[in-house]
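Enquirer: I am attaching a structure below and will ask some questions about it afterwards.
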Amino acid sequence: MFELLGVSPQVLFGQLLLGLINGSFYAVLSLGLAIIFGLLNIINFAHGAQYMMGAFVAWMLLQYAGVGYWWSLLIAPLVVGATGIVIERLFLSRLQNVDHLYGLLLTFGLALIIQGVFRNEYGVSGLPYGIPRELAGGNNLGFMFLPNYRAWVVVAALAVCIVTWLVIERTRLGAYLRAATENATLVGAFGINVPMLVTLTYGFGVALAGFAGVLAAPIYAVNPNMGADLIIVVFAVVVIGGMGSILGSIVTGFALGIVEGLTKVFYPEASSTVIFVIMILVLLVKPAGLFGRAA
Amino acid sequence: MGIKTWLLATTFIVGAFSAAQAQIPVKLGVLNDRSGVYADLSGEGSVIAARLAAEDFKAAEKGINVDIISADHQNKPDVGSNIARQWYDRDGVDVILDVPTSSVALAVSQITREKNKVLIASGPGATELTGKQCSPNTIHWTYDTYSLGKGTGSAVVAQGGDTWYFLTADYAFGHALERDTAEVVKNAGGKVLGQVKHPFPGGDFSSFLLQAQASNAKVIGLANAGGDTINAIKQASEFGIVAGGQTLAGLLVFLSEVHALGLEAAQGLVLTEAFYWDQNDGTREWSERFAAQHGGKKPTMVHAGVYSGTLHYLKGVEATKSKDPEKVLQWMRDNPSEDPLFGKGEVRVDGRHVHDMYLFKVKAPGDSKGPWDYYEQLAVIPAADAFRPLDGEACNLVK
């Protein structure tokens with residue numbers, strides 16, 4: 001059957017696995033976007049820039065403070081999340097009662113500024129960030145050589161996605177969050193500090209972006225444009241999964257990574273557009289997205 | 001004395017006065033990538049290079065008033081075309097410089113011809129600029145895909161790398177680089193086993209690298225540039241491609257990329273360039289002045305090409321005492337170019353500037369004496385061999 005497609009099973013399995021790896025990034029990033037959109041109704045265009053900041057913070061920690069990868073994996077998301085909290089308090093909290101468009105424009109502007117500042121300081125060629133020693137090398141799986149680090153990326157991304165999902169669906173905090181998403185005024189009336197919840201949620205969504213950035217640092221060149229290239233695809237993932245749907249964003253993230261991987265085998269020229277074609281099809285058939293509820 | 005005589009006398013005096021002060025105002029527009037994957041190899045550095053050329057030429061003392069402006073074409077042909085039209089039509093730009101990204105350069109070359117201005121292209125690579133789409137108004141200064149393929153391609157085949165698989169950026173430049181290199185490989189007795197075209201700019205190369213790995217070719221030719229090459233080389237080492245016995249051939253690698261990759265990842269790469277800062281006293285002295293204005297970064301060959309091309313143009317303006325594109329371009333073709341960075345060269349009728357090219361090898365970390373000490377020179381490719389011979393079939397300007 002594989003020969004019929006003109007592709008050997010080795011190549012096909014390899015690409016499926018690679019798709020899953022790329023899907024990990026899509027999943028973590030779109031999860032953050034979905035959480036933010038769910039509660040804040042903000043389309044966070046700065047997400048790509050915050051992902052890039054995660055990678056840069058990891059690089060700076062190593063360069064200036066000698067802090068290695070593992071600690072960066074914890075510290076960088078906290079740092080990036082903290083900047084998110086500042087942004088929410090300073091700007092986004094003032095946009096609560098206006099149209100989506102204002103939040104989108106504001107975060108888009110912030111993204112351009114952040115990217116511009118980093119570009120000015122570090123150039124566009126990128127900075128080297130090595131793979132941690134514990135994860136160097138790889139295994140030959142028979143159909144492909146799987147670098148240990150890439151395997152780790154899938155595991156780490158899946159773990160973060162599952163934990164986040166459990167927190168939101170299974171804990172009291174998650175219940176508050178879901179309730180506030182439905183009706184913030186009513187939840188506030190029960191004595192829950194909704195503005196605080198909103199701030200922390202934004203901070204958490206942004207921290208997820210920072211986390212993905214640290215995961216990406218050893219694979220891609222750490223450069224100011226790394227988020228801009230990715231974020232458009234991630235937006236498409238969120239639209240396909242359904243705006244604000246937590247599970248939708250995770251499943252769609254991994255699934256589209258795989259679809260993109262397959263496209264790279266059968267028709268590589270289309271690999272940068274296939275996700276958008278799917279997005280158009282989904283919008284035509286199911287405008288609320290695959291996992292979204294119609295408004 | 002009647003009013004008529006008065007007026008005549010005044011006109012005469014004013015005329016004589018302004019003739020003594022004759023200034024030729026020349027406006028140079030540096031059009032390149034200032035924010036994307038090619039911003040480090042061209043970008044602001046090219047503006048600095050053009051300014052250094054005007055200063056070194058002492059243009060002001062020679063009655064040439066040089067004004068330099070710049071813009072970001074974002075690697076998009078439509079954006080680049082719009083800026084070029086606006087510059088020529090509204091802003092009085094005489095010469096456009098640099099223009100990396102071949103697809104943008106080809107578009108700007110057509111507009112330059114239409115408006116009868118001058119394009120001195122340092123950044124782009126596609127041989128089409130002096131081939132099928134050649135123009136009397138375009139000079140292709142620094143390098144082209146033929147010279148890269150010729151230099152790196154023959155060197156790698158000579159070392160035993162006789163089966164190739166190409167990873168190609170999916171636009172004019174990548175296509176041209178793959179085609180020209182494949183020809184060199186075949187002529188040298190090698191074989192091309194396959195190719196895959198990746199989107200430009202690409203981020204994740206793992207899929208493509210895996211396909212290249214599965215081809216079992218001895219050499220994986222990277223027919224891309226800038227950030228794409230960096231990511232591809234970085235990820236190739238992750239997937240154990242070099243450790244598995246395959247060789248990477250970076251067909252267009254700039255100094256800024258070697259700097260970004262670090263010597264650990266880049267060591268051993270064989271590459272072809274038109275210029276390296278540490279070649280002789282002239283290049284070192286100029287590069288030091290350049291770096292002082294560019295945050296300590298040494299120039300790439302694209303920066304050097306902008307300097308060298310601007311200098312030759314200004315000499316043409318001085319010699320012809322005009323900025324009439326036809327006169328200046330004719331002068332530039334009739335007279336050899338010479339400067340400390342490129343040495344001697346000449347501009348052919350098809351617009352190709354020919355000069356020596358160099359084959360370098362990236363040093364191992366232990367052999368490098370410090371920052372920016374990256375290349376070891378393997379060979380000089382003489383001007384006569386480095387570029388495609390004049391070809392009447394390719395370019396209709398060749399008689």
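Chains: A, B, ... in order of the structure tokens. Residues: from 1 per chain. Ligands: from 1, in order shown.
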Would you list, as a VMD selection string, the residues of segment 168-287 of chain B that end up in helix (DSSP H, G or I) under DSSP run on this structure's backbone?
Expert: chain B and resid 172 to 187 206 to 214 226 to 238 255 to 261 263 to 266 281 to 287
Enquirer: With only C-alpha atoms counted and 9 Å as the cut-off, give the residues of chain A in contact with chain B, each with its shortest interatomic distance in Å and the pair that gives it, as CSV.
Expert:
```
residue,atom,partner,partner_atom,distance
A:Gln10,CA,B:Ala214,CA,8.6
A:Val11,CA,B:Gln211,CA,7.0
A:Gly14,CA,B:Leu210,CA,7.6
A:Gln15,CA,B:Ser207,CA,6.1
A:Leu18,CA,B:Ser207,CA,6.7
A:Gly19,CA,B:Ser207,CA,8.3
A:Asn22,CA,B:Asp204,CA,8.1
A:Gly116,CA,B:Ser35,CA,8.3
A:Arg119,CA,B:Ser35,CA,7.4
A:Gly123,CA,B:Asp40,CA,6.2
A:Val124,CA,B:Asp40,CA,6.0
A:Ser125,CA,B:Gly227,CA,5.8
A:Gly126,CA,B:Ala260,CA,5.8
A:Leu127,CA,B:Ala260,CA,5.6
A:Pro128,CA,B:Leu261,CA,6.0
A:Ile131,CA,B:Glu238,CA,8.5
A:Ala136,CA,B:Glu238,CA,8.1
A:Gly137,CA,B:Glu238,CA,7.4
A:Gly138,CA,B:Phe239,CA,7.8
A:Met144,CA,B:Leu210,CA,7.8
A:Phe145,CA,B:Phe239,CA,6.5
A:Leu146,CA,B:Phe239,CA,7.0
A:Pro147,CA,B:Phe239,CA,5.9
A:Tyr149,CA,B:Glu238,CA,8.5
A:Pro218,CA,B:Lys234,CA,9.0
A:Ile219,CA,B:Gln235,CA,6.5
A:Tyr220,CA,B:Asn231,CA,5.9
A:Ala221,CA,B:Asn231,CA,6.1
A:Asn225,CA,B:Gly36,CA,7.2
A:Met226,CA,B:Gly203,CA,7.9
A:Asp229,CA,B:Gly203,CA,7.7
A:Leu230,CA,B:Gly203,CA,8.3
A:Gly261,CA,B:Ser207,CA,6.9
A:Lys264,CA,B:Ser207,CA,6.6
A:Val265,CA,B:Ser207,CA,7.6
A:Pro268,CA,B:His198,CA,6.2
A:Glu269,CA,B:Lys197,CA,6.1
A:Ala270,CA,B:Pro199,CA,7.9
A:Ser271,CA,B:Pro199,CA,7.3
A:Ser272,CA,B:Pro199,CA,6.3
```
Enquirer: Could you list, as an mmCIF file with N, CA and C atoms, in the first residue's frame, every residue within 10 Å of Ile278 of chain A, counting only C-alpha atoms and ignoring same-chain residues fewer than 3 positions away?
Expert:
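Everything below was put into out.cif:
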```
data_model
loop_
_atom_site.group_PDB
_atom_site.id
_atom_site.type_symbol
_atom_site.label_atom_id
_atom_site.label_comp_id
_atom_site.auth_asym_id
_atom_site.auth_seq_id
_atom_site.Cartn_x
_atom_site.Cartn_y
_atom_site.Cartn_z
ATOM 1 N N ALA A 236 -4.499 29.735 13.332
ATOM 2 C CA ALA A 236 -5.328 28.869 12.496
ATOM 3 C C ALA A 236 -5.732 27.623 13.276
ATOM 4 N N VAL A 237 -4.791 27.087 14.067
ATOM 5 C CA VAL A 237 -5.089 25.903 14.877
ATOM 6 C C VAL A 237 -6.225 26.207 15.847
ATOM 7 N N ILE A 240 -9.493 26.398 14.006
ATOM 8 C CA ILE A 240 -9.977 25.079 13.602
ATOM 9 C C ILE A 240 -10.520 24.320 14.811
ATOM 10 N N LEU A 256 -2.995 18.688 13.642
ATOM 11 C CA LEU A 256 -2.544 19.488 12.502
ATOM 12 C C LEU A 256 -1.039 19.375 12.291
ATOM 13 N N VAL A 259 -0.841 16.395 10.134
ATOM 14 C CA VAL A 259 -1.279 16.690 8.760
ATOM 15 C C VAL A 259 -0.185 17.446 8.009
ATOM 16 N N THR A 273 0.886 25.999 3.563
ATOM 17 C CA THR A 273 -0.477 26.494 3.351
ATOM 18 C C THR A 273 -1.555 25.507 3.768
ATOM 19 N N VAL A 274 -1.186 24.237 3.938
ATOM 20 C CA VAL A 274 -2.214 23.209 4.143
ATOM 21 C C VAL A 274 -3.117 23.527 5.339
ATOM 22 N N ILE A 275 -2.510 24.068 6.411
ATOM 23 C CA ILE A 275 -3.304 24.351 7.611
ATOM 24 C C ILE A 275 -4.365 25.411 7.332
ATOM 25 N N LEU A 281 -11.895 25.295 5.097
ATOM 26 C CA LEU A 281 -12.901 24.230 5.003
ATOM 27 C C LEU A 281 -13.709 24.130 6.292
ATOM 28 N N VAL A 282 -13.007 24.155 7.431
ATOM 29 C CA VAL A 282 -13.697 24.038 8.718
ATOM 30 C C VAL A 282 -14.643 25.225 8.920
ATOM 31 N N LEU A 283 -14.162 26.417 8.570
ATOM 32 C CA LEU A 283 -15.014 27.599 8.751
ATOM 33 C C LEU A 283 -16.275 27.506 7.897
ATOM 34 N N LEU A 284 -16.136 26.914 6.715
ATOM 35 C CA LEU A 284 -17.299 26.788 5.828
ATOM 36 C C LEU A 284 -18.312 25.806 6.395
#
```
Enquirer: Would you compute the distance between atom CA of Leu271 of chain B and atom CA of Asp162 of chain B? Give it in Å to one decimal.
Expert: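 Answer for the atom CA of Leu271 of chain B to atom CA of Asp162 of chain B separation: 16.9 Å.
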Enquirer: List every residue of segment 70-187 of chain B that DSSP, applied to the backbone of this structure, places in strand (DSSP E), and write the result as a PDB file with N, CA and C atoms, in the first residue's frame.
Expert:
```pdb
ATOM      1  N   SER B  70      17.051  54.608   2.812  1.00  0.00           N
ATOM      2  CA  SER B  70      16.931  53.153   2.877  1.00  0.00           C
ATOM      3  C   SER B  70      15.493  52.749   3.164  1.00  0.00           C
ATOM      4  N   ALA B  71      15.162  51.495   2.852  1.00  0.00           N
ATOM      5  CA  ALA B  71      13.823  50.972   3.139  1.00  0.00           C
ATOM      6  C   ALA B  71      13.867  49.453   3.249  1.00  0.00           C
ATOM      7  N   ASP B  72      12.832  48.911   3.859  1.00  0.00           N
ATOM      8  CA  ASP B  72      12.716  47.477   4.114  1.00  0.00           C
ATOM      9  C   ASP B  72      11.768  46.862   3.094  1.00  0.00           C
ATOM     10  N   VAL B  95      19.857  55.697  -7.989  1.00  0.00           N
ATOM     11  CA  VAL B  95      20.414  54.350  -7.981  1.00  0.00           C
ATOM     12  C   VAL B  95      19.796  53.564  -6.833  1.00  0.00           C
ATOM     13  N   ILE B  96      19.391  52.325  -7.122  1.00  0.00           N
ATOM     14  CA  ILE B  96      18.990  51.445  -6.031  1.00  0.00           C
ATOM     15  C   ILE B  96      20.114  50.446  -5.801  1.00  0.00           C
ATOM     16  N   LEU B  97      20.451  50.254  -4.520  1.00  0.00           N
ATOM     17  CA  LEU B  97      21.565  49.388  -4.149  1.00  0.00           C
ATOM     18  C   LEU B  97      21.089  48.172  -3.362  1.00  0.00           C
ATOM     19  N   ASP B  98      21.883  47.103  -3.461  1.00  0.00           N
ATOM     20  CA  ASP B  98      21.749  45.900  -2.651  1.00  0.00           C
ATOM     21  C   ASP B  98      20.653  44.940  -3.128  1.00  0.00           C
ATOM     22  N   VAL B 118      19.368  53.166 -12.399  1.00  0.00           N
ATOM     23  CA  VAL B 118      20.473  52.226 -12.220  1.00  0.00           C
ATOM     24  C   VAL B 118      20.201  51.321 -11.021  1.00  0.00           C
ATOM     25  N   LEU B 119      20.422  50.004 -11.216  1.00  0.00           N
ATOM     26  CA  LEU B 119      20.340  49.060 -10.103  1.00  0.00           C
ATOM     27  C   LEU B 119      21.697  48.371  -9.957  1.00  0.00           C
ATOM     28  N   ILE B 120      22.315  48.535  -8.776  1.00  0.00           N
ATOM     29  CA  ILE B 120      23.551  47.802  -8.504  1.00  0.00           C
ATOM     30  C   ILE B 120      23.227  46.786  -7.419  1.00  0.00           C
ATOM     31  N   ALA B 121      23.050  45.528  -7.859  1.00  0.00           N
ATOM     32  CA  ALA B 121      22.545  44.488  -6.967  1.00  0.00           C
ATOM     33  C   ALA B 121      23.696  43.752  -6.322  1.00  0.00           C
ATOM     34  N   THR B 138      20.995  47.163 -15.107  1.00  0.00           N
ATOM     35  CA  THR B 138      21.276  46.396 -13.900  1.00  0.00           C
ATOM     36  C   THR B 138      22.705  45.870 -13.904  1.00  0.00           C
ATOM     37  N   ILE B 139      23.396  46.079 -12.787  1.00  0.00           N
ATOM     38  CA  ILE B 139      24.706  45.455 -12.611  1.00  0.00           C
ATOM     39  C   ILE B 139      24.623  44.518 -11.416  1.00  0.00           C
ATOM     40  N   HIS B 140      25.030  43.278 -11.628  1.00  0.00           N
ATOM     41  CA  HIS B 140      24.978  42.260 -10.576  1.00  0.00           C
ATOM     42  C   HIS B 140      26.386  42.149 -10.001  1.00  0.00           C
ATOM     43  N   THR B 163      27.378  12.016  -4.992  1.00  0.00           N
ATOM     44  CA  THR B 163      25.917  11.883  -5.096  1.00  0.00           C
ATOM     45  C   THR B 163      25.266  12.949  -4.216  1.00  0.00           C
ATOM     46  N   TRP B 164      24.294  13.671  -4.792  1.00  0.00           N
ATOM     47  CA  TRP B 164      23.738  14.855  -4.131  1.00  0.00           C
ATOM     48  C   TRP B 164      22.233  14.763  -3.944  1.00  0.00           C
ATOM     49  N   TYR B 165      21.771  15.408  -2.865  1.00  0.00           N
ATOM     50  CA  TYR B 165      20.342  15.607  -2.654  1.00  0.00           C
ATOM     51  C   TYR B 165      20.174  17.070  -2.236  1.00  0.00           C
ATOM     52  N   PHE B 166      19.247  17.763  -2.873  1.00  0.00           N
ATOM     53  CA  PHE B 166      19.136  19.201  -2.603  1.00  0.00           C
ATOM     54  C   PHE B 166      17.959  19.535  -1.684  1.00  0.00           C
ATOM     55  N   LEU B 167      18.223  20.431  -0.762  1.00  0.00           N
ATOM     56  CA  LEU B 167      17.189  21.045   0.067  1.00  0.00           C
ATOM     57  C   LEU B 167      17.069  22.483  -0.436  1.00  0.00           C
ATOM     58  N   THR B 168      15.953  22.789  -1.100  1.00  0.00           N
ATOM     59  CA  THR B 168      15.894  24.017  -1.882  1.00  0.00           C
ATOM     60  C   THR B 168      14.823  24.974  -1.375  1.00  0.00           C
ATOM     61  N   ALA B 169      15.204  26.230  -1.154  1.00  0.00           N
ATOM     62  CA  ALA B 169      14.220  27.256  -0.789  1.00  0.00           C
ATOM     63  C   ALA B 169      13.306  27.486  -1.991  1.00  0.00           C
TER      64      ALA B 169
END
```
Enquirer: Hey, what's within 6 Å of Ser287 of chain B if we count only C-alpha atoms and toss same-chain stuff fewer than 4 positions away? As a list in words, please?
Expert: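 Everything that qualifies: Trp277, Thr283 and Ala291 of chain B.
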Enquirer: Env of Met52 of chain A: 8 Å cut, atoms = only C-alpha atoms, seq-sep filter 4 positions within chain, self excluded. Answer as a VMD selection string.
Expert: chain A and resid 48 56 210 213 222 to 227
Enquirer: With N, CA and C atoms retained, export the selected residues as an mmCIF file, in the first residue's frame.
Expert:
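part_39.cif was written with the following content:
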```cif
data_model
loop_
_atom_site.group_PDB
_atom_site.id
_atom_site.type_symbol
_atom_site.label_atom_id
_atom_site.label_comp_id
_atom_site.auth_asym_id
_atom_site.auth_seq_id
_atom_site.Cartn_x
_atom_site.Cartn_y
_atom_site.Cartn_z
ATOM 1 N N GLY A 48 3.064 35.065 20.100
ATOM 2 C CA GLY A 48 4.292 34.684 19.403
ATOM 3 C C GLY A 48 5.501 35.383 19.994
ATOM 4 N N PHE A 56 14.416 33.567 24.583
ATOM 5 C CA PHE A 56 15.464 34.542 24.888
ATOM 6 C C PHE A 56 15.823 34.556 26.370
ATOM 7 N N GLY A 210 5.845 31.050 27.056
ATOM 8 C CA GLY A 210 7.257 31.085 27.451
ATOM 9 C C GLY A 210 7.832 29.680 27.567
ATOM 10 N N GLY A 213 8.602 28.361 24.316
ATOM 11 C CA GLY A 213 9.813 29.020 23.824
ATOM 12 C C GLY A 213 11.076 28.331 24.333
ATOM 13 N N VAL A 222 17.526 30.779 18.233
ATOM 14 C CA VAL A 222 16.808 31.719 19.082
ATOM 15 C C VAL A 222 16.866 33.078 18.404
ATOM 16 N N ASN A 223 15.803 33.443 17.710
ATOM 17 C CA ASN A 223 15.829 34.740 17.037
ATOM 18 C C ASN A 223 14.507 35.474 17.181
ATOM 19 N N PRO A 224 14.548 36.806 17.055
ATOM 20 C CA PRO A 224 13.367 37.616 17.370
ATOM 21 C C PRO A 224 12.151 37.315 16.499
ATOM 22 N N ASN A 225 12.374 36.685 15.337
ATOM 23 C CA ASN A 225 11.235 36.428 14.457
ATOM 24 C C ASN A 225 10.629 35.049 14.657
ATOM 25 N N MET A 226 11.199 34.247 15.555
ATOM 26 C CA MET A 226 10.763 32.853 15.642
ATOM 27 C C MET A 226 9.281 32.745 15.987
ATOM 28 N N GLY A 227 8.762 33.703 16.751
ATOM 29 C CA GLY A 227 7.357 33.643 17.120
ATOM 30 C C GLY A 227 6.442 34.137 16.017
#
```
Enquirer: So how many Å separate atom CA of Phe37 of chain A and atom CA of Gly103 of chain A, to one decimal?
Expert: 10.5 Å
Enquirer: Which residues are near Ala49 of chain A? Cut-off 9 Å, only C-alpha atoms, ignore same chain within fewer than 3 positions. Put them as a list in words.
Expert: Phe45, Ala46, Met52, Met53, Gly54, Leu110, Ala111, Leu112, Ile114, Gln115, Ala209, Pro224, Asn225, Met226, Gly227, Ala228 and Ile231 of chain A
Enquirer: Which distance in Å separates atom CA of Arg178 of chain A and atom CA of Asn41 of chain A, to one decimal?
Expert: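 Atom CA of Asn41 of chain A lies at a distance of 13.1 Å from atom CA of Arg178 of chain A.
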Enquirer: If we count only C-alpha atoms, what is near segment 363-371 of chain B at a cut-off of 9 Å, once residues fewer than 3 positions away on the same chain are taken out, given as a PyMOL selection string?
Expert: chain B and resi 259+262-264+266-269+374-376
Enquirer: From the options B:Leu106, B:Ala236, B:Ala158, B:Cys395, which residue's atoms come nearest to Tyr171 of chain B, counting only C-alpha atoms?
Expert: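 Ranking B:Leu106, B:Ala236, B:Ala158, B:Cys395 by distance to Tyr171 of chain B, first place goes to B:Leu106.
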Enquirer: Which residue out of B:Ala304, B:Ala212, B:Ala225, B:Ala126 has the minimum interatomic distance to Leu52 of chain B when only C-alpha atoms are used?
Expert: B:Ala304
